[in-house]
Amino acid sequence: MRPLPAPRILHWSVTEVCPRRCVYCFANPRHGSRASDSTLPRDRLQTLFAEARALGTEGVLLSGSEPLLRPDLPEIIGDARHLGLEVLLTTKHPISANLAHRLRDAALPSIALSVDTLDAGISASLIGSSSYPEQVRSTVASLRNAGVGFSIQAVLTPQTAAHLDALLYFASKNDAAGIQLVPFEPVMSPIAPFDQGELHVAREVADDIVAKAQTNFPGLRVTLFDKAAQGECSGVHCDIGATKLFFTPSGRVHRCYKLTDDHSLNGPSLTEVGIAEAWHGQAFGATLLPSRDDYAGSACGTCGNFGSCNRSGRCIFEAKSRFGCYAAPDRSCASAVAE
């Protein structure tokens, strides 16, 4: 049994298709403009949302690749909002006046726009589109005219940092709810070959950038995305299975949104079972809470904090990135050294 009666958040990857070519994308998306893989029916989603809400679920996180490629997503958002669920959506999709009004009619109060820079050249090198900054300006105009609020999420690299003031000014001028800077993280399967080290920003540099932005734009909320504290075995390190239920475009429950190509991490299908059964099922629970035997031969296998790390959630993506396998340390601690 999971510690909560239901997940606090339903995290649905709406589609694995995206028209962008973002070099920092961890999702390994299929390039395209149609969400043909998003086969979970709207009426089934309505049933799942209703069950989850009755069990205490607070919100729905919609991600992708590009979630707004699903044509009926605004209406699905409306179904969730009608039940009192908070909806979190981040997108790079151009938003027309018509789409903005559909989002308003769905009672979506705000949307997060993924915008790294307003410089056309840097945009072309990072996401494969020099026209995206102009699309952002049009999108913001559509949202404001429809009365839908917005915030900005920007990947922080040395290249985007050099032109950050223009983005901050744009956000402030257009009454953005805030801007969150997300330091670049290495990806396992980059879309295009590049030196990932060239995109890295040291934590102390990122802190200085945020402090300067807060000083120069006091009316704008500027924050730095901070992963769960490394080395701590209290709190939540990975929220999937602890507070969040993640599922793929077809409704298949999965262990990690960064590793959806690995079908060994699949859980039950939400076309066949409900939220409670998926959340408390023993078979998938073993994937979320591995045994010490699974870690035999690794530093975790004999670590006194094994149970605490299990309870806080293991980031198997981090373990795979650092050690080449899932049954390995996933955070910095005295035992997390390669053998």
# chains A, B, ... in the order shown; residues from 1 in each chain; ligands from 1
$ select_by_dssp --residues "region 90-242 of chain A" --states "strand (DSSP E)" --output "PyMOL selection string"
chain A and resi 90-91+110-114+149-156+179-183+222-224
$ residues_around --residues "Val253 (chain A)" --least-positions-apart "2" --cutoff "9 Å" --atoms "only C-alpha atoms" --output "PDB file with C-alpha atoms, in the first residue's frame"
ATOM      1  CA  LEU A 245       1.083   8.779 -10.529  1.00  0.00           C
ATOM      2  CA  PHE A 246       2.677   9.052 -13.973  1.00  0.00           C
ATOM      3  CA  PHE A 247       1.163   7.582 -17.128  1.00  0.00           C
ATOM      4  CA  THR A 248       1.913   7.629 -20.839  1.00  0.00           C
ATOM      5  CA  GLY A 251      -2.720   5.416 -20.285  1.00  0.00           C
ATOM      6  CA  ARG A 255       8.005   4.385 -13.348  1.00  0.00           C
ATOM      7  CA  LEU A 265       9.275  -0.065 -16.083  1.00  0.00           C
ATOM      8  CA  ASN A 266       5.636  -0.265 -17.180  1.00  0.00           C
ATOM      9  CA  GLY A 267       2.807  -0.655 -14.727  1.00  0.00           C
ATOM     10  CA  PRO A 268      -0.879  -1.396 -15.364  1.00  0.00           C
ATOM     11  CA  SER A 269      -2.960   0.312 -18.039  1.00  0.00           C
ATOM     12  CA  LEU A 270      -5.490   2.878 -16.871  1.00  0.00           C
ATOM     13  CA  ALA A 278      -2.943   1.357 -10.051  1.00  0.00           C
ATOM     14  CA  PHE A 284       4.092  -2.146  -9.677  1.00  0.00           C
TER      15      PHE A 284
END
$ closest_residue --among "A:Ala27, A:Ala80, A:Gly32, A:Ala213" --to "His163 (chain A)" --atoms "only C-alpha atoms"
A:Ala213
$ atom_distance --atom1 "CA of Arg292 (chain A)" --atom2 "CA of Asn310 (chain A)"
9.7 Å
$ atom_distance --atom1 "CA of Arg311 (chain A)" --atom2 "CA of Asp239 (chain A)"
10.1 Å
$ select_by_dssp --residues "region 93-321 of chain A" --states "helix (DSSP H, G or I)" --output "PyMOL selection string"
chain A and resi 97-105+120-127+132-146+158-161+164-173+196-199+203-216+263-265+275-280+282-288+292-295+299-302+306-312+316-321
$ residues_around --residues "region 58-69 of chain A" --least-positions-apart "3" --cutoff "8 Å" --atoms "only C-alpha atoms" --output "number ranges by chain"
A: 8-19, 27, 29, 33-35, 53, 73, 80, 84-93
$ write_last_selection --atoms "C-alpha atoms" --output "mmCIF file, in the first residue's frame"
data_model
loop_
_atom_site.group_PDB
_atom_site.id
_atom_site.type_symbol
_atom_site.label_atom_id
_atom_site.label_comp_id
_atom_site.auth_asym_id
_atom_site.auth_seq_id
_atom_site.Cartn_x
_atom_site.Cartn_y
_atom_site.Cartn_z
ATOM 1 C CA ARG A 8 -1.783 14.084 -5.035
ATOM 2 C CA ILE A 9 -0.939 14.647 -8.693
ATOM 3 C CA LEU A 10 -1.855 12.759 -11.852
ATOM 4 C CA HIS A 11 1.001 13.291 -14.318
ATOM 5 C CA TRP A 12 -0.086 12.521 -17.863
ATOM 6 C CA SER A 13 2.365 12.630 -20.739
ATOM 7 C CA VAL A 14 -0.200 13.616 -23.358
ATOM 8 C CA THR A 15 1.961 12.733 -26.374
ATOM 9 C CA GLU A 16 5.529 11.803 -27.249
ATOM 10 C CA VAL A 17 5.318 13.836 -30.467
ATOM 11 C CA CYS A 18 6.746 17.345 -30.821
ATOM 12 C CA PRO A 19 7.516 19.679 -33.753
ATOM 13 C CA ALA A 27 11.895 13.063 -23.607
ATOM 14 C CA PRO A 29 10.407 12.909 -28.739
ATOM 15 C CA SER A 33 2.785 17.666 -35.596
ATOM 16 C CA ARG A 34 0.036 15.099 -34.823
ATOM 17 C CA ALA A 35 -0.473 13.431 -31.438
ATOM 18 C CA ARG A 53 -10.754 13.609 -7.086
ATOM 19 C CA LEU A 73 -6.895 19.018 -24.737
ATOM 20 C CA ALA A 80 -10.587 18.332 -14.799
ATOM 21 C CA GLY A 84 -12.052 21.079 -8.862
ATOM 22 C CA LEU A 85 -8.675 19.736 -9.984
ATOM 23 C CA GLU A 86 -5.804 22.153 -10.500
ATOM 24 C CA VAL A 87 -4.272 21.817 -13.973
ATOM 25 C CA LEU A 88 -0.607 22.516 -14.704
ATOM 26 C CA LEU A 89 0.395 22.867 -18.350
ATOM 27 C CA THR A 90 3.715 23.894 -19.916
ATOM 28 C CA THR A 91 3.923 24.395 -23.664
ATOM 29 C CA LYS A 92 5.839 25.757 -26.637
ATOM 30 C CA HIS A 93 2.790 25.453 -28.874
#
$ closest_residue --among "A:Phe170, A:Tyr326, A:Trp279, A:Phe184" --to "Ile152 (chain A)" --atoms "only C-alpha atoms"
A:Phe170
$ closest_atom_pairs --of "region 67-128 of chain A" --to "region 194-209 of chain A" --cutoff "12 Å" --atoms "only C-alpha atoms" --output "Markdown table"
| residue | atom | partner | partner_atom | distance |
| --- | --- | --- | --- | --- |
| A:Ile122 | CA | A:Leu199 | CA | 11.9 |
| A:Ser125 | CA | A:Phe194 | CA | 10.3 |
| A:Leu126 | CA | A:Leu199 | CA | 9.8 |
$ write_last_selection --atoms "N, CA, C and O atoms" --output "tab-separated table (two decimals), in the first residue's frame"
chain	number	residue	atom	x	y	z
A	122	ILE	N	19.88	32.33	-31.06
A	122	ILE	CA	20.02	31.36	-29.97
A	122	ILE	C	18.83	30.40	-29.98
A	122	ILE	O	18.99	29.20	-29.72
A	125	SER	N	19.49	27.72	-32.47
A	125	SER	CA	20.49	26.73	-32.06
A	125	SER	C	19.99	25.83	-30.95
A	125	SER	O	20.36	24.66	-30.88
A	126	LEU	N	19.10	26.32	-30.10
A	126	LEU	CA	18.64	25.54	-28.95
A	126	LEU	C	17.39	24.72	-29.24
A	126	LEU	O	17.27	23.59	-28.76
$ residues_around --residues "region 144-148 of chain A" --least-positions-apart "2" --cutoff "7 Å" --atoms "only C-alpha atoms" --output "PDB file with all heavy atoms, in the first residue's frame"
ATOM      1  N   ALA A 100      -6.723  30.302 -27.264  1.00  0.00           N
ATOM      2  CA  ALA A 100      -6.696  31.012 -25.982  1.00  0.00           C
ATOM      3  C   ALA A 100      -8.095  31.097 -25.379  1.00  0.00           C
ATOM      4  O   ALA A 100      -8.282  30.914 -24.168  1.00  0.00           O
ATOM      5  CB  ALA A 100      -6.110  32.403 -26.173  1.00  0.00           C
ATOM      6  N   HIS A 101      -9.105  31.356 -26.204  1.00  0.00           N
ATOM      7  CA  HIS A 101     -10.475  31.434 -25.694  1.00  0.00           C
ATOM      8  C   HIS A 101     -10.988  30.060 -25.255  1.00  0.00           C
ATOM      9  O   HIS A 101     -11.763  29.956 -24.291  1.00  0.00           O
ATOM     10  CB  HIS A 101     -11.394  32.051 -26.748  1.00  0.00           C
ATOM     11  CG  HIS A 101     -11.300  33.543 -26.805  1.00  0.00           C
ATOM     12  ND1 HIS A 101     -10.350  34.204 -27.557  1.00  0.00           N
ATOM     13  CD2 HIS A 101     -12.020  34.515 -26.179  1.00  0.00           C
ATOM     14  CE1 HIS A 101     -10.488  35.507 -27.403  1.00  0.00           C
ATOM     15  NE2 HIS A 101     -11.497  35.727 -26.577  1.00  0.00           N
ATOM     16  N   ARG A 104      -9.550  29.578 -21.893  1.00  0.00           N
ATOM     17  CA  ARG A 104     -10.304  30.390 -20.938  1.00  0.00           C
ATOM     18  C   ARG A 104     -11.633  29.724 -20.607  1.00  0.00           C
ATOM     19  O   ARG A 104     -12.036  29.653 -19.429  1.00  0.00           O
ATOM     20  CB  ARG A 104     -10.554  31.776 -21.526  1.00  0.00           C
ATOM     21  CG  ARG A 104     -11.341  32.712 -20.588  1.00  0.00           C
ATOM     22  CD  ARG A 104     -12.000  33.829 -21.368  1.00  0.00           C
ATOM     23  NE  ARG A 104     -12.979  33.303 -22.333  1.00  0.00           N
ATOM     24  CZ  ARG A 104     -13.517  34.026 -23.304  1.00  0.00           C
ATOM     25  NH1 ARG A 104     -13.171  35.298 -23.470  1.00  0.00           N
ATOM     26  NH2 ARG A 104     -14.406  33.485 -24.133  1.00  0.00           N
ATOM     27  N   PRO A 109      -6.788  29.049 -15.376  1.00  0.00           N
ATOM     28  CA  PRO A 109      -6.436  30.427 -14.996  1.00  0.00           C
ATOM     29  C   PRO A 109      -5.090  30.886 -15.534  1.00  0.00           C
ATOM     30  O   PRO A 109      -4.880  32.078 -15.759  1.00  0.00           O
ATOM     31  CB  PRO A 109      -6.432  30.383 -13.467  1.00  0.00           C
ATOM     32  CG  PRO A 109      -6.140  28.952 -13.137  1.00  0.00           C
ATOM     33  CD  PRO A 109      -6.766  28.137 -14.226  1.00  0.00           C
ATOM     34  N   SER A 110      -4.160  29.919 -15.725  1.00  0.00           N
ATOM     35  CA  SER A 110      -2.825  30.303 -16.130  1.00  0.00           C
ATOM     36  C   SER A 110      -2.136  29.146 -16.833  1.00  0.00           C
ATOM     37  O   SER A 110      -2.467  27.974 -16.614  1.00  0.00           O
ATOM     38  CB  SER A 110      -1.995  30.722 -14.905  1.00  0.00           C
ATOM     39  OG  SER A 110      -0.708  31.149 -15.266  1.00  0.00           O
ATOM     40  N   VAL A 140       1.437  35.404 -26.321  1.00  0.00           N
ATOM     41  CA  VAL A 140       1.173  36.214 -25.123  1.00  0.00           C
ATOM     42  C   VAL A 140       0.046  37.206 -25.391  1.00  0.00           C
ATOM     43  O   VAL A 140      -0.837  37.422 -24.542  1.00  0.00           O
ATOM     44  CB  VAL A 140       2.457  36.927 -24.661  1.00  0.00           C
ATOM     45  CG1 VAL A 140       2.145  38.006 -23.622  1.00  0.00           C
ATOM     46  CG2 VAL A 140       3.437  35.905 -24.082  1.00  0.00           C
ATOM     47  N   ALA A 141       0.029  37.788 -26.576  1.00  0.00           N
ATOM     48  CA  ALA A 141      -1.062  38.707 -26.920  1.00  0.00           C
ATOM     49  C   ALA A 141      -2.404  37.987 -26.912  1.00  0.00           C
ATOM     50  O   ALA A 141      -3.404  38.507 -26.393  1.00  0.00           O
ATOM     51  CB  ALA A 141      -0.799  39.333 -28.293  1.00  0.00           C
ATOM     52  N   SER A 142      -2.437  36.768 -27.450  1.00  0.00           N
ATOM     53  CA  SER A 142      -3.689  35.993 -27.476  1.00  0.00           C
ATOM     54  C   SER A 142      -4.150  35.664 -26.062  1.00  0.00           C
ATOM     55  O   SER A 142      -5.344  35.788 -25.747  1.00  0.00           O
ATOM     56  CB  SER A 142      -3.483  34.698 -28.272  1.00  0.00           C
ATOM     57  OG  SER A 142      -3.215  34.945 -29.624  1.00  0.00           O
ATOM     58  N   PHE A 150      -0.251  33.893 -17.568  1.00  0.00           N
ATOM     59  CA  PHE A 150       0.859  33.059 -18.008  1.00  0.00           C
ATOM     60  C   PHE A 150       2.094  33.310 -17.148  1.00  0.00           C
ATOM     61  O   PHE A 150       2.268  34.372 -16.541  1.00  0.00           O
ATOM     62  CB  PHE A 150       1.202  33.315 -19.482  1.00  0.00           C
ATOM     63  CG  PHE A 150       1.956  34.593 -19.730  1.00  0.00           C
ATOM     64  CD1 PHE A 150       3.345  34.588 -19.868  1.00  0.00           C
ATOM     65  CD2 PHE A 150       1.288  35.809 -19.804  1.00  0.00           C
ATOM     66  CE1 PHE A 150       4.042  35.767 -20.078  1.00  0.00           C
ATOM     67  CE2 PHE A 150       1.983  36.991 -20.019  1.00  0.00           C
ATOM     68  CZ  PHE A 150       3.365  36.972 -20.158  1.00  0.00           C
TER      69      PHE A 150
END
$ atom_distance --atom1 "CA of Gly297 (chain A)" --atom2 "CA of Ser312 (chain A)"
21.6 Å
$ decode --residues "region 287-324 of chain A" --atoms "N, CA and C atoms" --output "mmCIF file, in the first residue's frame"
data_model
loop_
_atom_site.group_PDB
_atom_site.id
_atom_site.type_symbol
_atom_site.label_atom_id
_atom_site.label_comp_id
_atom_site.auth_asym_id
_atom_site.auth_seq_id
_atom_site.Cartn_x
_atom_site.Cartn_y
_atom_site.Cartn_z
ATOM 1 N N THR A 287 8.371 -2.214 -8.182
ATOM 2 C CA THR A 287 9.230 -1.382 -9.023
ATOM 3 C C THR A 287 9.555 -0.071 -8.323
ATOM 4 N N LEU A 288 8.583 0.450 -7.578
ATOM 5 C CA LEU A 288 8.778 1.703 -6.869
ATOM 6 C C LEU A 288 9.610 1.525 -5.602
ATOM 7 N N LEU A 289 9.447 0.382 -4.948
ATOM 8 C CA LEU A 289 10.162 0.105 -3.693
ATOM 9 C C LEU A 289 10.983 -1.179 -3.851
ATOM 10 N N PRO A 290 12.132 -1.104 -4.505
ATOM 11 C CA PRO A 290 12.944 -2.298 -4.738
ATOM 12 C C PRO A 290 13.482 -2.867 -3.429
ATOM 13 N N SER A 291 13.815 -4.135 -3.449
ATOM 14 C CA SER A 291 14.366 -4.771 -2.265
ATOM 15 C C SER A 291 15.872 -4.550 -2.199
ATOM 16 N N ARG A 292 16.427 -4.748 -1.025
ATOM 17 C CA ARG A 292 17.876 -4.609 -0.854
ATOM 18 C C ARG A 292 18.612 -5.613 -1.735
ATOM 19 N N ASP A 293 18.008 -6.781 -1.959
ATOM 20 C CA ASP A 293 18.649 -7.797 -2.804
ATOM 21 C C ASP A 293 18.869 -7.285 -4.229
ATOM 22 N N ASP A 294 17.949 -6.409 -4.699
ATOM 23 C CA ASP A 294 18.093 -5.854 -6.046
ATOM 24 C C ASP A 294 19.362 -5.024 -6.179
ATOM 25 N N TYR A 295 19.863 -4.532 -5.044
ATOM 26 C CA TYR A 295 21.032 -3.657 -5.036
ATOM 27 C C TYR A 295 22.295 -4.369 -4.561
ATOM 28 N N ALA A 296 22.243 -5.678 -4.499
ATOM 29 C CA ALA A 296 23.419 -6.438 -4.083
ATOM 30 C C ALA A 296 24.596 -6.114 -5.003
ATOM 31 N N GLY A 297 25.732 -5.839 -4.414
ATOM 32 C CA GLY A 297 26.917 -5.512 -5.191
ATOM 33 C C GLY A 297 27.100 -4.025 -5.431
ATOM 34 N N SER A 298 26.098 -3.219 -5.091
ATOM 35 C CA SER A 298 26.240 -1.771 -5.214
ATOM 36 C C SER A 298 26.428 -1.162 -3.832
ATOM 37 N N ALA A 299 26.802 0.118 -3.796
ATOM 38 C CA ALA A 299 26.995 0.792 -2.515
ATOM 39 C C ALA A 299 25.709 0.827 -1.705
ATOM 40 N N CYS A 300 24.560 0.835 -2.388
ATOM 41 C CA CYS A 300 23.272 0.896 -1.686
ATOM 42 C C CYS A 300 22.947 -0.406 -0.964
ATOM 43 N N GLY A 301 23.484 -1.512 -1.459
ATOM 44 C CA GLY A 301 23.115 -2.815 -0.917
ATOM 45 C C GLY A 301 23.428 -2.994 0.552
ATOM 46 N N THR A 302 24.455 -2.315 1.031
ATOM 47 C CA THR A 302 24.847 -2.450 2.440
ATOM 48 C C THR A 302 24.693 -1.144 3.204
ATOM 49 N N CYS A 303 24.021 -0.181 2.591
ATOM 50 C CA CYS A 303 23.898 1.146 3.210
ATOM 51 C C CYS A 303 22.812 1.150 4.282
ATOM 52 N N GLY A 304 23.098 1.786 5.403
ATOM 53 C CA GLY A 304 22.128 1.867 6.492
ATOM 54 C C GLY A 304 20.944 2.760 6.179
ATOM 55 N N ASN A 305 21.056 3.590 5.145
ATOM 56 C CA ASN A 305 19.966 4.485 4.761
ATOM 57 C C ASN A 305 19.091 3.906 3.662
ATOM 58 N N PHE A 306 19.247 2.609 3.360
ATOM 59 C CA PHE A 306 18.536 2.020 2.228
ATOM 60 C C PHE A 306 17.022 2.235 2.339
ATOM 61 N N GLY A 307 16.464 1.944 3.490
ATOM 62 C CA GLY A 307 15.017 2.083 3.673
ATOM 63 C C GLY A 307 14.556 3.525 3.556
ATOM 64 N N SER A 308 15.325 4.456 4.095
ATOM 65 C CA SER A 308 14.966 5.865 4.017
ATOM 66 C C SER A 308 14.982 6.364 2.580
ATOM 67 N N CYS A 309 15.988 5.924 1.823
ATOM 68 C CA CYS A 309 16.063 6.334 0.418
ATOM 69 C C CYS A 309 14.908 5.739 -0.377
ATOM 70 N N ASN A 310 14.516 4.515 -0.047
ATOM 71 C CA ASN A 310 13.352 3.918 -0.701
ATOM 72 C C ASN A 310 12.109 4.760 -0.451
ATOM 73 N N ARG A 311 11.922 5.146 0.792
ATOM 74 C CA ARG A 311 10.713 5.883 1.159
ATOM 75 C C ARG A 311 10.690 7.272 0.540
ATOM 76 N N SER A 312 11.855 7.882 0.342
ATOM 77 C CA SER A 312 11.890 9.216 -0.249
ATOM 78 C C SER A 312 11.813 9.168 -1.763
ATOM 79 N N GLY A 313 11.890 7.963 -2.346
ATOM 80 C CA GLY A 313 11.790 7.813 -3.787
ATOM 81 C C GLY A 313 13.157 7.825 -4.445
ATOM 82 N N ARG A 314 13.390 6.827 -5.286
ATOM 83 C CA ARG A 314 14.693 6.707 -5.947
ATOM 84 C C ARG A 314 14.611 7.264 -7.370
ATOM 85 N N CYS A 315 15.553 8.126 -7.720
ATOM 86 C CA CYS A 315 15.629 8.651 -9.085
ATOM 87 C C CYS A 315 16.457 7.679 -9.916
ATOM 88 N N ILE A 316 15.784 6.732 -10.549
ATOM 89 C CA ILE A 316 16.509 5.725 -11.316
ATOM 90 C C ILE A 316 17.154 6.326 -12.557
ATOM 91 N N PHE A 317 16.630 7.450 -13.040
ATOM 92 C CA PHE A 317 17.262 8.136 -14.166
ATOM 93 C C PHE A 317 18.640 8.641 -13.766
ATOM 94 N N GLU A 318 18.741 9.216 -12.574
ATOM 95 C CA GLU A 318 20.027 9.703 -12.078
ATOM 96 C C GLU A 318 21.007 8.546 -11.890
ATOM 97 N N ALA A 319 20.500 7.439 -11.332
ATOM 98 C CA ALA A 319 21.362 6.262 -11.142
ATOM 99 C C ALA A 319 21.870 5.745 -12.488
ATOM 100 N N LYS A 320 20.974 5.655 -13.461
ATOM 101 C CA LYS A 320 21.348 5.172 -14.783
ATOM 102 C C LYS A 320 22.356 6.112 -15.439
ATOM 103 N N SER A 321 22.171 7.412 -15.274
ATOM 104 C CA SER A 321 23.066 8.393 -15.875
ATOM 105 C C SER A 321 24.468 8.295 -15.293
ATOM 106 N N ARG A 322 24.544 8.056 -13.986
ATOM 107 C CA ARG A 322 25.839 8.088 -13.317
ATOM 108 C C ARG A 322 26.553 6.744 -13.311
ATOM 109 N N PHE A 323 25.778 5.653 -13.216
ATOM 110 C CA PHE A 323 26.399 4.343 -13.019
ATOM 111 C C PHE A 323 26.058 3.328 -14.110
ATOM 112 N N GLY A 324 25.140 3.682 -15.015
ATOM 113 C CA GLY A 324 24.815 2.781 -16.106
ATOM 114 C C GLY A 324 23.781 1.727 -15.769
#
